[in-house]
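Visitor: Sharing coords37.cif here; it has mmCIF, C-alpha atoms.
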data_coords
#
loop_
_atom_site.label_atom_id
_atom_site.label_comp_id
_atom_site.auth_asym_id
_atom_site.auth_seq_id
_atom_site.Cartn_x
_atom_site.Cartn_y
_atom_site.Cartn_z
CA MET E 1 105.93 -33.70 -133.47
CA GLY E 2 105.57 -37.18 -134.88
CA ALA E 3 108.06 -37.86 -137.65
CA PHE E 4 105.38 -39.26 -139.94
CA ALA E 5 102.82 -36.65 -139.10
CA SER E 6 104.73 -33.67 -140.39
CA SER E 7 104.14 -32.94 -144.04
CA GLU E 8 106.93 -30.37 -143.99
CA PHE E 9 109.37 -33.07 -142.94
CA MET E 10 108.17 -35.32 -145.72
CA ASP E 11 108.57 -32.61 -148.32
CA MET E 12 112.18 -32.03 -147.28
CA VAL E 13 113.28 -35.55 -148.12
CA PRO E 14 112.92 -36.36 -151.82
CA GLY E 15 110.83 -39.47 -152.43
CA THR E 16 109.93 -39.94 -148.79
CA ARG E 17 106.47 -38.50 -149.14
CA VAL E 18 105.66 -40.80 -152.02
CA GLU E 19 106.98 -43.82 -150.15
CA TRP E 20 105.03 -42.84 -147.08
CA ARG E 21 101.86 -42.50 -149.14
CA CYS E 22 102.45 -45.89 -150.75
CA ALA E 23 103.01 -47.48 -147.37
CA ARG E 24 99.87 -45.89 -146.00
CA ARG E 25 97.96 -47.00 -149.05
CA ALA E 26 99.14 -50.57 -148.64
CA THR E 27 98.14 -50.57 -144.98
CA ALA E 28 94.78 -49.05 -145.82
CA ILE E 29 94.15 -51.58 -148.60
CA ASP E 30 94.76 -54.34 -146.06
CA GLU E 31 92.28 -52.64 -143.76
CA LEU E 32 89.77 -52.21 -146.57
CA ASP E 33 90.14 -55.86 -147.60
CA ASP E 34 88.72 -56.93 -144.26
CA ILE E 35 85.02 -56.25 -144.68
CA ASP E 36 84.31 -57.41 -141.13
CA GLY E 37 86.79 -54.94 -139.72
CA LEU E 38 85.47 -52.22 -141.95
CA VAL E 39 81.95 -52.72 -140.69
CA ARG E 40 83.10 -53.12 -137.10
CA ASN E 41 85.28 -50.01 -137.07
CA TYR E 42 83.41 -47.56 -139.23
CA SER E 43 79.73 -48.42 -139.59
CA ALA E 44 78.63 -46.68 -136.39
CA ARG E 45 80.56 -43.51 -137.22
CA ILE E 46 79.23 -43.38 -140.77
CA LEU E 47 75.72 -44.11 -139.53
CA ARG E 48 75.90 -41.21 -137.11
CA PHE E 49 77.31 -38.86 -139.73
CA VAL E 50 74.68 -39.80 -142.29
CA THR E 51 71.85 -39.76 -139.76
CA TYR E 52 72.60 -36.13 -138.98
CA SER E 53 73.16 -35.33 -142.65
CA THR E 54 69.78 -36.70 -143.72
CA GLY E 55 67.76 -36.47 -140.51
CA ASP E 56 66.44 -39.96 -141.26
CA PRO E 57 67.95 -42.90 -139.34
CA ASP E 58 66.34 -45.54 -141.57
CA LEU E 59 67.70 -43.96 -144.72
CA ALA E 60 71.03 -43.51 -142.96
CA GLU E 61 71.28 -47.26 -142.43
CA THR E 62 70.82 -47.86 -146.14
CA ILE E 63 73.35 -45.19 -147.03
CA THR E 64 75.85 -46.56 -144.51
CA GLN E 65 75.51 -50.00 -146.04
CA ASP E 66 75.91 -48.59 -149.55
CA THR E 67 78.92 -46.56 -148.47
CA LEU E 68 80.76 -49.53 -146.99
CA LEU E 69 79.92 -51.70 -149.97
CA LYS E 70 81.09 -49.04 -152.37
CA ALA E 71 84.30 -48.55 -150.41
CA TRP E 72 85.00 -52.26 -150.24
CA MET E 73 84.34 -52.83 -153.91
CA GLY E 74 86.36 -49.80 -154.94
CA ARG E 75 89.16 -50.25 -152.45
CA GLU E 76 91.74 -50.43 -155.23
CA ASN E 77 90.92 -46.80 -156.02
CA PHE E 78 92.08 -45.62 -152.60
CA ARG E 79 95.15 -43.49 -153.31
CA GLY E 80 96.44 -43.19 -149.78
CA ASP E 81 96.52 -39.42 -149.68
CA CYS E 82 94.09 -39.29 -146.75
CA SER E 83 93.00 -41.56 -143.94
CA VAL E 84 90.50 -44.37 -144.48
CA LYS E 85 88.03 -42.51 -142.26
CA THR E 86 88.27 -39.40 -144.43
CA TRP E 87 87.93 -41.47 -147.59
CA LEU E 88 84.84 -43.20 -146.22
CA THR E 89 83.35 -39.87 -145.18
CA GLY E 90 83.83 -38.60 -148.72
CA ILE E 91 82.07 -41.67 -150.12
CA ALA E 92 79.27 -41.29 -147.57
CA ILE E 93 78.76 -37.69 -148.65
CA ASN E 94 78.53 -38.69 -152.32
CA VAL E 95 76.17 -41.59 -151.62
CA THR E 96 74.01 -39.31 -149.47
CA ARG E 97 73.88 -36.72 -152.25
CA ASP E 98 72.84 -39.40 -154.74
CA HIS E 99 70.06 -40.54 -152.44
CA LEU E 100 68.88 -37.03 -151.74
CA ARG E 101 68.75 -36.24 -155.43
CA SER E 102 66.79 -39.32 -156.38
CA ALA E 103 63.11 -38.92 -157.00
CA LYS E 104 62.52 -42.06 -154.99
CA PHE E 105 63.94 -40.41 -151.92
CA LYS E 106 61.87 -37.28 -152.49
CA PHE E 107 58.73 -39.40 -152.60
CA TRP E 108 59.62 -41.34 -149.50
CA LYS E 109 60.68 -38.17 -147.74
CA GLN E 110 57.12 -36.97 -148.08
CA ALA E 111 55.54 -40.31 -147.34
CA ARG E 112 57.59 -41.29 -144.31
CA SER E 113 58.33 -39.57 -141.08
CA THR E 114 61.23 -41.40 -139.47
CA ALA E 115 62.69 -38.21 -138.12
CA LEU E 116 65.67 -38.16 -135.85
CA ASP E 117 64.57 -38.68 -132.27
CA VAL E 118 66.82 -36.42 -130.24
CA HIS E 119 65.35 -37.70 -126.96
CA GLU E 120 66.26 -41.25 -127.92
CA MET E 121 69.79 -40.14 -128.76
CA ALA E 122 70.23 -38.25 -125.50
CA ALA E 123 69.22 -41.38 -123.61
CA TYR E 124 72.42 -43.05 -124.80
CA LEU E 125 74.61 -40.62 -122.89
CA PRO E 126 77.00 -42.66 -120.72
CA ALA E 127 76.50 -42.01 -116.98
CA GLU E 128 80.24 -42.05 -116.14
CA GLY E 129 79.67 -41.91 -112.42
CA SER E 130 78.02 -38.49 -112.32
CA GLY E 131 75.02 -37.88 -110.10
CA PRO E 132 71.50 -38.18 -111.45
CA GLU E 133 71.02 -34.43 -111.51
CA ARG E 134 74.20 -33.79 -113.51
CA HIS E 135 73.31 -36.64 -115.80
CA MET E 136 69.90 -35.10 -116.45
CA LEU E 137 71.51 -31.76 -117.27
CA ALA E 138 73.98 -33.43 -119.57
CA LYS E 139 71.17 -35.28 -121.33
CA GLU E 140 69.36 -32.01 -121.79
CA LYS E 141 72.46 -30.47 -123.37
CA VAL E 142 72.85 -33.42 -125.71
CA ARG E 143 69.21 -33.17 -126.71
CA GLU E 144 69.55 -29.43 -127.33
CA LEU E 145 72.75 -29.79 -129.34
CA SER E 146 71.10 -32.47 -131.46
CA GLN E 147 68.24 -30.12 -132.23
CA VAL E 148 70.58 -27.26 -133.16
CA VAL E 149 72.68 -29.45 -135.44
CA ALA E 150 69.57 -30.83 -137.11
CA ALA E 151 68.35 -27.29 -137.74
CA LEU E 152 71.56 -26.11 -139.44
CA SER E 153 71.62 -25.60 -143.20
CA PRO E 154 72.89 -28.65 -145.11
CA ASN E 155 76.30 -27.10 -145.82
CA GLN E 156 76.75 -25.85 -142.28
CA ARG E 157 75.70 -29.20 -140.86
CA THR E 158 78.04 -31.15 -143.12
CA VAL E 159 81.11 -29.09 -142.29
CA PHE E 160 80.16 -29.03 -138.58
CA LEU E 161 79.92 -32.82 -138.52
CA MET E 162 83.14 -33.25 -140.44
CA LYS E 163 84.99 -30.91 -138.12
CA PHE E 164 83.54 -31.71 -134.70
CA VAL E 165 82.36 -35.29 -135.11
CA GLU E 166 84.82 -36.75 -137.61
CA GLU E 167 87.55 -34.46 -136.31
CA MET E 168 88.83 -33.61 -139.75
CA PRO E 169 91.09 -30.58 -140.24
CA VAL E 170 89.70 -27.71 -142.29
CA ASN E 171 92.02 -28.33 -145.26
CA GLU E 172 90.87 -31.95 -145.48
CA ILE E 173 87.21 -30.90 -145.33
CA SER E 174 87.95 -28.47 -148.11
CA GLN E 175 89.50 -31.24 -150.23
CA VAL E 176 86.72 -33.76 -149.65
CA LEU E 177 83.93 -31.29 -150.37
CA GLY E 178 85.79 -29.53 -153.19
CA MET E 179 85.06 -26.28 -151.39
CA PRO E 180 87.52 -23.42 -150.85
CA MET E 181 88.95 -23.29 -147.35
CA ASN E 182 87.51 -19.85 -146.73
CA THR E 183 84.03 -21.12 -147.60
CA VAL E 184 84.48 -24.05 -145.20
CA ARG E 185 85.61 -21.60 -142.54
CA THR E 186 82.59 -19.37 -143.15
CA HIS E 187 80.18 -22.31 -142.86
CA LEU E 188 81.90 -23.42 -139.68
CA HIS E 189 81.68 -19.93 -138.20
CA ARG E 190 77.97 -19.71 -138.95
CA ALA E 191 77.35 -23.18 -137.58
CA LEU E 192 79.29 -22.40 -134.42
CA SER E 193 77.49 -19.11 -133.93
CA ALA E 194 74.15 -20.91 -134.19
CA VAL E 195 75.25 -23.66 -131.80
CA ARG E 196 76.81 -21.33 -129.27
CA SER E 197 73.90 -18.92 -129.22
CA ARG E 198 71.45 -21.78 -128.75
CA MET E 199 73.51 -23.50 -126.09
CA GLY E 200 73.59 -20.35 -124.01
CA ALA E 201 75.28 -16.99 -123.97
CA LYS E 202 77.95 -18.32 -121.69
CA LEU E 203 79.41 -20.43 -124.48
CA MET V 1 97.51 -10.55 -120.44
CA THR V 2 95.38 -8.96 -123.14
CA ARG V 3 92.53 -7.10 -121.43
CA GLU V 4 89.95 -7.42 -124.16
CA HIS V 5 88.30 -10.82 -124.40
CA LEU V 6 88.31 -12.77 -127.61
CA SER V 7 85.70 -11.75 -130.14
CA ASP V 8 83.16 -14.34 -131.33
CA GLU V 9 85.08 -14.69 -134.57
CA ALA V 10 88.40 -15.23 -132.83
CA LEU V 11 86.78 -17.73 -130.48
CA ASN V 12 85.22 -19.58 -133.41
CA ASP V 13 88.61 -19.70 -135.10
CA VAL V 14 90.10 -21.22 -131.97
CA LEU V 15 87.33 -23.83 -131.87
CA ILE V 16 87.86 -24.85 -135.47
CA GLY V 17 91.61 -25.09 -134.97
CA MET V 18 92.53 -21.93 -136.84
CA GLY V 19 93.29 -19.73 -133.87
CA THR V 20 96.13 -17.23 -134.06
CA SER V 21 99.05 -17.15 -131.67
CA VAL V 22 97.54 -14.01 -130.11
CA SER V 23 94.31 -15.89 -129.39
CA GLU V 24 96.18 -18.84 -127.96
CA SER V 25 98.25 -16.68 -125.64
CA HIS V 26 95.10 -14.87 -124.53
CA LEU V 27 93.40 -18.17 -123.78
CA ALA V 28 96.35 -19.26 -121.71
CA GLU V 29 95.83 -16.28 -119.42
CA CYS V 30 92.09 -15.57 -119.53
CA PRO V 31 89.97 -18.01 -117.50
CA LEU V 32 86.71 -16.61 -118.91
CA CYS V 33 87.57 -17.22 -122.56
CA ARG V 34 89.28 -20.51 -121.68
CA GLY V 35 86.10 -21.50 -119.84
CA LYS V 36 84.00 -20.86 -122.94
CA VAL V 37 86.24 -23.06 -125.04
CA ASP V 38 86.32 -25.80 -122.40
CA GLU V 39 82.57 -25.77 -121.94
CA PHE V 40 81.95 -26.02 -125.66
CA GLN V 41 84.38 -28.91 -125.93
CA SER V 42 82.82 -30.62 -122.93
CA ASP V 43 79.31 -30.33 -124.38
CA LEU V 44 80.58 -31.53 -127.72
CA GLY V 45 82.31 -34.48 -126.07
CA MET V 46 79.08 -35.54 -124.34
CA TRP V 47 77.16 -35.17 -127.55
CA ASN V 48 79.72 -37.21 -129.48
CA ALA V 49 79.68 -39.95 -126.84
CA ALA V 50 75.89 -40.15 -126.77
CA THR V 51 75.46 -40.09 -130.54
CA LEU V 52 78.18 -42.69 -131.07
CA GLN V 53 76.58 -45.02 -128.52
CA TRP V 54 73.25 -44.51 -130.22
CA SER V 55 74.63 -45.31 -133.67
CA GLU V 56 76.58 -48.33 -132.39
CA ALA V 57 73.43 -49.70 -130.78
CA ARG V 58 71.41 -49.03 -133.88
CA ALA V 59 73.96 -50.59 -136.23
CA GLU V 60 74.16 -53.65 -134.04
CA ARG V 61 70.40 -53.96 -133.71
CA ALA V 62 69.73 -53.60 -137.37
CA GLY V 63 72.43 -56.05 -138.37
CA ARG V 64 71.73 -55.26 -141.97
CA ILE V 65 75.30 -54.47 -142.82
CA GLN V 66 76.54 -57.77 -141.47
CA ALA V 67 73.81 -59.65 -143.29
CA SER V 68 74.68 -58.05 -146.58
CA ARG V 69 78.28 -59.23 -146.27
CA ALA V 70 77.27 -62.70 -147.36
CA GLN V 71 75.99 -61.31 -150.61
CA ILE V 72 79.17 -59.45 -151.45
CA ARG V 73 81.15 -60.91 -154.29
CA PRO V 74 84.84 -60.31 -154.91
CA ALA V 75 85.54 -56.98 -156.53
CA ARG V 76 86.02 -57.21 -160.23
CA PRO V 77 85.45 -54.79 -163.05
CA ARG V 78 81.84 -54.95 -164.06
CA LEU V 79 80.12 -53.46 -167.04
CA PRO V 80 77.51 -51.12 -165.65
CA LEU V 81 73.99 -52.17 -166.60
CA ALA V 82 73.10 -48.65 -167.65
CA ALA V 83 76.04 -48.55 -170.08
CA LEU V 84 75.05 -51.94 -171.49
CA GLY V 85 71.50 -50.74 -171.96
CA TRP V 86 72.64 -47.63 -173.79
CA ALA V 87 74.96 -49.66 -175.99
CA LEU V 88 72.13 -52.02 -176.99
CA ALA V 89 69.84 -49.07 -177.66
CA ALA V 90 72.50 -47.48 -179.87
CA VAL V 91 72.96 -50.70 -181.87
CA ALA V 92 69.20 -51.02 -182.35
CA LEU V 93 68.99 -47.40 -183.44
CA VAL V 94 71.75 -47.84 -186.01
CA ALA V 95 70.16 -51.04 -187.29
CA ILE V 96 66.90 -49.20 -187.87
CA ALA V 97 68.41 -45.94 -189.08
CA ILE V 98 70.60 -47.37 -191.88
CA PRO V 99 67.82 -49.00 -193.96
CA VAL V 100 65.48 -46.08 -193.34
CA GLY V 101 68.23 -43.62 -194.20
CA ARG V 102 68.92 -45.46 -197.46
CA ASP V 103 65.27 -45.36 -198.39
CA VAL V 104 64.89 -41.65 -197.79
CA GLY V 105 68.24 -40.79 -199.32
CA LEU V 106 70.02 -39.60 -196.24
CA PHE V 107 73.33 -41.14 -197.19
CA GLY V 108 74.36 -39.08 -200.18
CA ALA V 109 73.67 -39.70 -203.88
CA HIS V 110 70.98 -42.29 -203.95
CA HIS V 111 68.51 -41.89 -206.77
CA GLY V 112 66.34 -44.89 -206.34
CA THR V 113 68.66 -47.37 -207.98
CA ALA V 114 69.68 -49.91 -205.51
CA VAL V 115 73.26 -50.99 -205.68
CA VAL V 116 73.42 -54.59 -204.69
CA ALA V 117 76.74 -56.16 -204.14
CA PRO V 118 77.05 -59.51 -205.81
CA GLN V 119 77.05 -62.27 -203.29
CA GLU V 120 78.39 -65.73 -203.69
CA ASP V 121 75.84 -68.37 -202.77
CA SER V 122 77.06 -71.36 -200.92
CA GLU V 123 76.67 -74.87 -202.29
CA ALA V 124 74.18 -75.69 -199.61
CA GLN V 125 72.15 -72.61 -200.43
CA ILE V 126 72.12 -73.47 -204.13
CA ALA V 127 71.01 -77.01 -203.38
CA GLN V 128 68.29 -75.74 -201.08
CA ASP V 129 67.07 -73.28 -203.71
CA ASN V 130 67.05 -76.01 -206.34
CA GLU V 131 64.96 -78.23 -204.11
CA LEU V 132 62.57 -75.38 -203.51
CA LEU V 133 62.28 -74.63 -207.22
CA LYS V 134 61.64 -78.30 -207.94
CA ALA V 135 58.90 -78.42 -205.36
CA VAL V 136 57.31 -75.22 -206.66
CA ASN V 137 57.47 -76.48 -210.21
CA ALA V 138 55.99 -79.82 -209.30
CA ALA V 139 53.16 -78.10 -207.48
CA ILE V 140 52.38 -75.77 -210.38
CA ASN V 141 52.68 -78.29 -213.15
CA PRO V 142 53.08 -81.85 -212.00
CA ASP V 143 53.15 -83.19 -215.55
CA GLU V 144 55.86 -80.95 -216.80
CA MET V 145 59.46 -81.86 -216.38
CA SER V 146 61.39 -79.92 -213.89
CA PRO V 147 63.53 -77.17 -215.48
CA LEU V 148 66.39 -78.50 -213.44
CA LYS V 149 66.11 -81.80 -215.18
CA GLU V 150 65.41 -80.09 -218.43
CA TYR V 151 68.68 -78.21 -218.34
CA ASP V 152 70.56 -80.97 -216.64
CA LEU V 153 71.17 -78.97 -213.56
CA SER V 154 70.97 -81.95 -211.32
CA GLY V 155 73.96 -83.51 -213.05
CA ARG V 156 72.15 -86.73 -213.79
CA PRO V 157 71.45 -88.05 -217.25
CA HIS V 158 67.84 -87.60 -218.30
CA PRO V 159 65.72 -88.19 -221.37
CA ARG V 160 65.19 -85.43 -223.82
CA PRO V 161 62.39 -83.11 -222.92
CA ARG V 162 59.01 -83.96 -224.11
CA ARG V 163 57.51 -81.27 -226.25
CA ARG V 164 53.92 -80.39 -225.97
CA PRO V 165 51.94 -80.43 -229.16
CA GLN V 166 51.52 -76.90 -230.54
#
Would you mind giving the structure from this file in structure tokens?

Guide:
Amino acid sequence: MGAFASSEFMDMVPGTRVEWRCARRATAIDELDDIDGLVRNYSARILRFVTYSTGDPDLAETITQDTLLKAWMGRENFRGDCSVKTWLTGIAINVTRDHLRSAKFKFWKQARSTALDVHEMAAYLPAEGSGPERHMLAKEKVRELSQVVAALSPNQRTVFLMKFVEEMPVNEISQVLGMPMNTVRTHLHRALSAVRSRMGAKL
Amino acid sequence: MTREHLSDEALNDVLIGMGTSVSESHLAECPLCRGKVDEFQSDLGMWNAATLQWSEARAERAGRIQASRAQIRPARPRLPLAALGWALAAVALVAIAIPVGRDVGLFGAHHGTAVVAPQEDSEAQIAQDNELLKAVNAAINPDEMSPLKEYDLSGRPHPRPRRRPQ
């Protein structure tokens, strides 16, 4: 158990939790001040998250850019009660919602068809020394998983991405989405059932 | 070892990190259930690796985020344009509503008699008005002496006014 990772430990020592949060906030503000580092470290992750959330890679680029800009310009508002990654994911979710609600997006959604190309995505699978046959099978699995995730309901997809892509714990997902933990759990269960049934009975 | 395998729900709970101690101990001893968890995590790992590589390549190729950096200005509190627009609209509305409201009697007892607050005219305004009156008078009746001169409003000595024959 890491001394700084245990919230129980922090609660036992009066004032320590607050100091820890302040220290984390200060570190995070330094990180957020560096726009180059922010883009370098988080843009790809946010882009992936938003691409799967919207199903539109072009729109996802715009939303990623907006998210990082918003985070950088509002970095003083970061309270330090979660990681920078979680905070950015929360902003990305809000920016995505704004875009999805806008009439402009609805129009372009009908007019454009820049759908997610799951074949293109699967092609990026690293070879890692496996044989060509295994690599082909792996690519097929990636393609299939991409299709399943894209077919999930918006809520299921969001919580699935937050849990299995952003690796956020359920309580943090609940906080960011403002959704009760049981609801998050239910969405995750449904998403997992869909994924596991599609990926084969053996899962 | 527990004989019964984990139910779908219990397995899902394990995968989302909410597994019970019973589930965990079962997984430690059951290769079938452990295999399901491992296979899911392996597939997920491949998917995460592929999608991250894809998004990294795409972000790099687009380069839009980097390009926009040059346009970023230091963070400072800004008045949102929408708020400014609403504020201007509100001021315009009030400016229109007050005179109209007075005319139609919206603001209480107003029975057509305008109450005008006395205003002090400035020296410059008085001088300007006098000049205007002089000009108007001269245009109407060039032969007649200006009333300003007639009543010594200009402050200069002047001859007595000439009377017209009755």

Visitor: What's around region 21-23 of chain V at 10 Å? Count only C-alpha atoms, leave out sequence neighbours fewer than 4 positions away in its own chain, and write the answer as a list in words.

Guide: Thr2, His5, Leu6, Ser7, Ala10, Leu11, Asp13, Val14, Leu27, Ala28 and Cys33 of chain V

Visitor: Let me know the residues the PyMOL selection byres ((chain E) within 6 of (chain V)) catches in the file above, as a list in words.

Guide: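 Selected by the PyMOL selection byres ((chain E) within 6 of (chain V)) here: Ala44, Arg48, Gln65, Met73, Met121, Tyr124, Leu125, Val142, His189 and Leu203 of chain E.
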
Visitor: Please define a box with edges along x, y and z of the file around all atoms of region 175-182 of chain E given in the file, extend it by 8 Å on each side, and return its centre and edge lengths in Å to one decimal, as lines of an AutoDock Vina configuration file.

Guide:
center_x = 86.7
center_y = -26.8
center_z = -150.0
size_x = 21.6
size_y = 29.9
size_z = 22.5

Visitor: What is the CA of Ala71 (chain E) to CA of Leu152 (chain E) distance in Å?

Guide: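 Going from CA of Ala71 (chain E) over to CA of Leu152 (chain E) covers 28.0 Å.
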
Visitor: Work out how far CA of Leu88 (chain E) is from CA of Leu68 (chain E), in Å to one decimal.

Guide: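 Computed distance, CA of Leu68 (chain E) to CA of Leu88 (chain E), equals 7.6 Å.
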